[in-house]
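Since the structure comes first, as structure tokens, the remarks are kept for the end.
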Amino acid sequence: MTRSNIALLILIACVAALPLFGGAYALRLGTIACMYAVLALSWNVVGGFAGYPSFATAAFFGFGAYFAGVLMGKGWPLAAAVVAAAIAALIAATLLGAVLLRLRGHYFAIASLSLAEVLREVVNNATDLTGGGMGLNIPLASGSGVMAEATFYFYAMWGVMLLTAIMVIVVAQTKLGFALNCIRQNETASSMVGLNTTLAKSIGFGLSACFVAAAGGIYAAWVHYIDPSDVFDILYSVKPIVMALMGGLGSPLGVACGAFLYLGLEEVVWRNYIQIHTGVLGVLIVLLLLFLPHGLTSLRFDRLRRRAKHA
Amino acid sequence: MQAMQILINALVLGSLYACIAIGFSLVWGVLNVINLIHGSFIVLGAYLAFGLYQSLHLSPWYAIFVAAPLFFALGYVIQRLILNRVITAPVLVTLTLTFGLDLILNNAMIYFFTADYRKLTLSPPLGSVSIAGAVVPVDRLIATATALLLTGLLYLLLRRSRIGRAIVAVRLDRDAAVLMGVHVPSIYAVAFGLGAALAGCAGVLMALIFPISPLTSSAYLGKAFVVCVLGGLGSVSGALAGGLLLALVESVGSTYLGPSHATTLSFLLLIIFLILRPQGLVGRKGFE
């Protein structure tokens, strides 16, 4: 295991200690932080390792939220519903990936963007099952206290984050990660030397969808009410990309740090400039892409050192 | 009778869709950038028409002459100052950048104009006429004619003028165009400016027909996506063919399945086209 992957696991372990220190607000932030890390780490498998510009995160997040939400409405326990949503997303995304990932560049970006739109419209129109535009109420779990419930959802989301991180590390170290790397560098050449690129891409896409759907399911149970424009929000597709770009594409540690940093910035902006917070987010994205295109990990100290040597 | 009405509705809607998509398609084709601000440009154009009519009683057809140069300048500056810095970056970066710009513009519009729906109502209203047994409101008819006129103008510009030929040359082969002495950065800026100008004009036309709100920008953008993929990228005829096909599918779909399924249908069509015929109806293969 590389040093940065060990650092990632240590970081995640540190996050688990949060309930010892913070109150309800810290727990809420921590839960969102874990959720963002799940989205960003998952996106990294397709976007960072394989280099495909995927905007499908929102589609799988919403899929998981609704799949688990509907099952819970039918009386399933949380864990079973979330696992079922994750497995369904894994299968659906692997099959979809085999079709969609034949597209490259702009066409793939558009297709993955429209996936969320299609799902949103389907959910909007299937009023009998999902409640359509009225949204879906998810029954409260039990009569335990507010704090106990907050702690429970925090650890649920944290668990998904841990699983995602382990998945990413395992993928990076096995043949699959190697194959995805080859695809990023030169897909035609890697299929020429006998790599089954379709299979590798599809499995990568499926794995990246699976944990996002689980996070969506827990999110649905956590907030008790979901509606299509909330969980299929295109921002859920773009935020993981911004986080990954912040932290540095491809590196799991960088991506997780990017997610936490992004949440911090978002929270500060949201608290202070509620009316213009999306605009400020836009400015942040533009500045990041113009001036720091390789993320914060590209800010190395050796540059400072070199400058010092010149001086 | 009903078939005629569906056909005419599709024709009206289709030329408007073509007008929405044509600037988007130009930018995608020439600059190789998926321009997510396009939807907000359209809404901004609609607000411009609304504001001019409210304050100066300037009819929307004159508002086009105000909107075109203003939006051209806006697009030119945005491309020159911001987009040009990342123009060679992979699609992920350019797309996310235009998304960021869109967030800024859309938030500014919500802040200044609020998210309330507004409607430009002409007084006196223009009424409607019946053509071959189908009823068409006159304002829609005018918007359609103007949309077709704008499309034709762009076609002439690309075909006949020096700058138009240079834009087409850059689209076909950037490197060869450079060798022929075309200054690519300024062509990029002009193409982006034209895209913005067309979006602004389309917005003025939309103000005649649809309610105006910053929240509608993503719907326009979605239409532009679908039209571009259906018709094929970067050509005027492609946008026209895609717009008409989309409108036909939506009109028929909403008549027989109900309007709520029309959008689903159009996005399904998009995904089917992406998989089976990514070059679109009239596009050429290998022409990304």
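Going through the structure tokens in order, the chains are called A, B, and so on, while each chain numbers its residues from 1 and the ligands are numbered from 1 in the order shown.
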Please build the interface table for chain B against chain A with a cut-off of 7 Å, listing for each qualifying residue the nearest atom pair and the distance in Å to one decimal; count only C-alpha atoms, order rows by chain and increasing number, and write it as CSV.
```
residue,atom,partner,partner_atom,distance
B:Val91,CA,A:His106,CA,6.4
B:Leu92,CA,A:Pro53,CA,5.4
B:Val93,CA,A:Leu289,CA,6.9
B:Leu97,CA,A:Val286,CA,5.5
B:Gly100,CA,A:Gly282,CA,3.9
B:Leu101,CA,A:Gly282,CA,5.9
B:Leu103,CA,A:Gly282,CA,5.1
B:Ile104,CA,A:Gly279,CA,4.0
B:Asn107,CA,A:Gly279,CA,5.2
B:Ala108,CA,A:Gly279,CA,7.0
B:Ser260,CA,A:Asn125,CA,6.8
B:Thr264,CA,A:Glu121,CA,5.7
B:Phe267,CA,A:Val118,CA,6.0
B:Leu268,CA,A:Val118,CA,7.0
B:Ile271,CA,A:Ala111,CA,6.3
```
Determine, counting only C-alpha atoms, which protein, DNA and RNA residues have an atom within 12 Å of an atom of region 109-116 of chain B; residues of the same chain fewer than 4 positions away are not included. Present the result as a list in words.
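Within the cut-off, the hits are Tyr273, Ile274, Gln275, Ile276, His277, Thr278 and Gly279 of chain A; Ser40, Phe41, Ile42, Val43, Leu44, Gly45, Ala46, Tyr47, Leu48, Phe50, Gly51, Asp102, Leu103, Ile104, Leu105, Pro211, Ile212, Ser213, Pro214, Leu215, Thr216 and Ser217 of chain B.
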Okay, now the selection with N, CA and C atoms, as a compact mmCIF listing (two decimals), in the first residue's frame?
```txt
# COMPACT_ATOMS: atom_id res chain seq x y z
N TYR A 273 -23.35 34.27 2.64
CA TYR A 273 -23.94 34.94 1.47
C TYR A 273 -25.06 34.09 0.92
N ILE A 274 -26.11 33.89 1.69
CA ILE A 274 -27.14 32.92 1.29
C ILE A 274 -27.73 33.26 -0.08
N GLN A 275 -27.92 34.57 -0.37
CA GLN A 275 -28.60 34.90 -1.63
C GLN A 275 -27.73 34.71 -2.85
N ILE A 276 -26.42 34.80 -2.67
CA ILE A 276 -25.58 34.69 -3.86
C ILE A 276 -24.65 33.49 -3.76
N HIS A 277 -25.06 32.45 -2.99
CA HIS A 277 -24.08 31.40 -2.76
C HIS A 277 -23.76 30.59 -4.01
N THR A 278 -24.74 30.40 -4.91
CA THR A 278 -24.38 29.65 -6.13
C THR A 278 -23.46 30.48 -7.01
N GLY A 279 -23.67 31.80 -7.02
CA GLY A 279 -22.78 32.67 -7.79
C GLY A 279 -21.36 32.61 -7.27
N SER B 40 -28.62 30.37 -20.07
CA SER B 40 -28.76 31.62 -19.33
C SER B 40 -28.69 32.82 -20.26
N PHE B 41 -27.90 32.72 -21.33
CA PHE B 41 -27.89 33.79 -22.34
C PHE B 41 -29.28 33.98 -22.93
N ILE B 42 -29.95 32.86 -23.22
CA ILE B 42 -31.29 32.94 -23.80
C ILE B 42 -32.24 33.67 -22.85
N VAL B 43 -32.17 33.27 -21.56
CA VAL B 43 -33.05 33.91 -20.57
C VAL B 43 -32.72 35.39 -20.44
N LEU B 44 -31.43 35.71 -20.46
CA LEU B 44 -31.03 37.12 -20.36
C LEU B 44 -31.58 37.90 -21.55
N GLY B 45 -31.55 37.30 -22.73
CA GLY B 45 -32.13 37.95 -23.91
C GLY B 45 -33.62 38.19 -23.73
N ALA B 46 -34.30 37.21 -23.14
CA ALA B 46 -35.73 37.37 -22.90
C ALA B 46 -35.99 38.53 -21.93
N TYR B 47 -35.16 38.63 -20.88
CA TYR B 47 -35.32 39.74 -19.94
C TYR B 47 -35.07 41.08 -20.62
N LEU B 48 -34.10 41.09 -21.54
CA LEU B 48 -33.81 42.33 -22.26
C LEU B 48 -35.04 42.79 -23.04
N PHE B 50 -38.13 41.96 -22.48
CA PHE B 50 -39.16 42.32 -21.51
C PHE B 50 -38.92 43.72 -20.97
N GLY B 51 -37.67 43.99 -20.59
CA GLY B 51 -37.34 45.29 -20.01
C GLY B 51 -37.55 46.41 -21.02
N ASP B 102 -22.06 29.80 -15.80
CA ASP B 102 -23.52 29.74 -15.81
C ASP B 102 -24.08 29.96 -14.41
N LEU B 103 -23.45 29.35 -13.39
CA LEU B 103 -23.90 29.56 -12.01
C LEU B 103 -23.87 31.05 -11.68
N ILE B 104 -22.79 31.73 -12.08
CA ILE B 104 -22.66 33.15 -11.77
C ILE B 104 -23.78 33.95 -12.44
N LEU B 105 -23.95 33.75 -13.74
CA LEU B 105 -24.94 34.52 -14.50
C LEU B 105 -26.35 34.23 -13.99
N PRO B 211 -43.33 32.23 -20.77
CA PRO B 211 -43.02 33.01 -19.58
C PRO B 211 -41.52 33.05 -19.34
N ILE B 212 -41.04 34.11 -18.67
CA ILE B 212 -39.62 34.31 -18.47
C ILE B 212 -39.27 34.11 -17.00
N SER B 213 -38.25 33.30 -16.74
CA SER B 213 -37.72 33.14 -15.39
C SER B 213 -36.32 32.57 -15.49
N PRO B 214 -35.41 32.94 -14.58
CA PRO B 214 -34.06 32.36 -14.63
C PRO B 214 -34.09 30.83 -14.53
N LEU B 215 -35.17 30.30 -13.93
CA LEU B 215 -35.23 28.85 -13.71
C LEU B 215 -35.46 28.09 -15.01
N THR B 216 -35.86 28.79 -16.09
CA THR B 216 -36.13 28.07 -17.33
C THR B 216 -34.87 27.82 -18.15
N SER B 217 -33.72 28.35 -17.70
CA SER B 217 -32.54 28.28 -18.55
C SER B 217 -32.11 26.84 -18.82
```
Contact residues around Leu199 (chain A) with only C-alpha atoms at 12 Å, ignoring same-chain residues under 2 positions, as a PyMOL selection string:
chain A and resi 94-99+101-102+176+179-180+183+191+194-197+201-206
Which residues are near Ala81 (chain A)? Cut-off 7 Å, only C-alpha atoms, ignore same chain within fewer than 3 positions. Put them as a compact mmCIF listing (two decimals) with C-alpha atoms, in the first residue's frame.
```txt
# COMPACT_ATOMS: atom_id res chain seq x y z
CA ALA A 68 -34.10 2.81 -1.12
CA LEU A 71 -38.39 0.09 -0.44
CA MET A 72 -38.38 1.72 3.01
CA TRP A 76 -37.98 -2.65 4.46
CA PRO A 77 -35.35 -1.93 7.12
CA LEU A 78 -32.76 0.75 6.26
CA ALA A 84 -30.56 -3.45 -2.40
CA ALA A 85 -30.20 0.03 -3.92
```
Contacts of Leu163 (chain A) within 10 Å, only C-alpha atoms, excl. fewer than 6 positions in-chain, as number ranges by chain
A: 38, 157, 169, 211
Please, could you write that set of residues out with N, CA and C atoms as a PDB file, in the first residue's frame?
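Dumped to again_29.pdb:
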```pdb
ATOM      1  N   VAL A  38     -17.794  10.253  -0.457  1.00  0.00           N
ATOM      2  CA  VAL A  38     -18.243   9.078  -1.206  1.00  0.00           C
ATOM      3  C   VAL A  38     -18.433   9.437  -2.676  1.00  0.00           C
ATOM      4  N   MET A 157     -23.151   6.887   7.126  1.00  0.00           N
ATOM      5  CA  MET A 157     -22.501   7.529   5.989  1.00  0.00           C
ATOM      6  C   MET A 157     -20.992   7.300   6.054  1.00  0.00           C
ATOM      7  N   ILE A 169      -9.015   1.963  -3.188  1.00  0.00           N
ATOM      8  CA  ILE A 169      -7.636   1.513  -2.984  1.00  0.00           C
ATOM      9  C   ILE A 169      -7.432   0.148  -3.629  1.00  0.00           C
ATOM     10  N   PHE A 211     -21.627   2.786  -4.763  1.00  0.00           N
ATOM     11  CA  PHE A 211     -21.533   3.447  -3.459  1.00  0.00           C
ATOM     12  C   PHE A 211     -22.250   4.791  -3.457  1.00  0.00           C
TER      13      PHE A 211
END
```
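Remark: for Cys19 (chain B), the closest of the candidate residues B:Ala239, B:Ile34, B:Leu58, B:Ala49 is B:Ala239 (distances computed over only C-alpha atoms).
Across the model, the gap from CA of Leu230 (chain B) to CA of Ile163 (chain B) is 27.2 Å.
If you measure from each of B:Pro278, B:Gly222, B:Gly164, B:Gly231 to Val30 (chain B) using only C-alpha atoms, the closest one turns out to be B:Gly164.
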Exercise: Leu263 (chain A) partners within 10 Å, only C-alpha atoms, chain neighbours under 2 positions left out, as a short mmCIF file (atom, residue, chain, number, x, y, z; two decimals) with C-alpha atoms, in the first residue's frame:
```cif
data_model
loop_
_atom_site.label_atom_id
_atom_site.label_comp_id
_atom_site.auth_asym_id
_atom_site.auth_seq_id
_atom_site.Cartn_x
_atom_site.Cartn_y
_atom_site.Cartn_z
CA LEU A 29 -21.55 18.72 8.69
CA GLY A 30 -19.70 15.45 9.25
CA ILE A 32 -22.41 15.72 4.56
CA ALA A 33 -18.61 15.57 4.50
CA CYS A 34 -18.73 11.77 4.38
CA TYR A 36 -19.31 14.29 -0.46
CA ALA A 37 -16.25 12.10 0.01
CA LYS A 239 -19.59 19.07 -7.17
CA MET A 243 -13.73 18.44 -5.40
CA CYS A 257 -9.17 16.17 1.00
CA GLY A 258 -10.77 18.10 -1.85
CA ALA A 259 -14.20 16.93 -0.71
CA PHE A 260 -13.63 18.10 2.88
CA LEU A 261 -12.12 21.39 1.76
CA LEU A 265 -15.81 26.53 1.60
CA GLU A 266 -19.42 25.78 0.72
CA GLU A 267 -20.48 26.06 4.33
CA VAL A 268 -18.73 29.39 4.81
CA VAL A 269 -20.24 30.80 1.62
#
```
Which neighbours of Val255 (chain A) fall inside 8 Å, counting only C-alpha atoms, when residues of the same chain fewer than 6 positions from it are skipped, and could you give them as a ChimeraX atom specification?
/A:37,40-41,44,243-249
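A straight line drawn from CA of Ile131 (chain B) to CA of Leu248 (chain B) is 18.1 Å long.
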Taking the backbone alone, and naming residues the way the document does, which bits of region 54-244 of chain A are helix (DSSP H, G or I) by DSSP, as a ChimeraX atom specification?
/A:57-73,78-100,105-125,127-130,132-134,146-173,175-185,187-192,197-223,228-231,235-244
From a DSSP calculation on the backbone, collect every residue of region 121-272 of chain A in strand (DSSP E) and output the set as a PDB file with N, CA and C atoms, in the first residue's frame.
```pdb
ATOM      1  N   LEU A 136     -41.389  12.249  -1.976  1.00  0.00           N
ATOM      2  CA  LEU A 136     -41.597  10.972  -1.302  1.00  0.00           C
ATOM      3  C   LEU A 136     -41.252  11.145   0.171  1.00  0.00           C
ATOM      4  N   ASN A 137     -42.197  10.778   1.032  1.00  0.00           N
ATOM      5  CA  ASN A 137     -41.913  10.807   2.470  1.00  0.00           C
ATOM      6  C   ASN A 137     -41.375   9.457   2.888  1.00  0.00           C
ATOM      7  N   TYR A 225     -37.358  13.166   3.499  1.00  0.00           N
ATOM      8  CA  TYR A 225     -38.222  13.604   2.402  1.00  0.00           C
ATOM      9  C   TYR A 225     -37.341  13.893   1.192  1.00  0.00           C
ATOM     10  N   ILE A 226     -37.661  13.271   0.069  1.00  0.00           N
ATOM     11  CA  ILE A 226     -36.908  13.568  -1.145  1.00  0.00           C
ATOM     12  C   ILE A 226     -37.873  13.936  -2.259  1.00  0.00           C
TER      13      ILE A 226
END
```
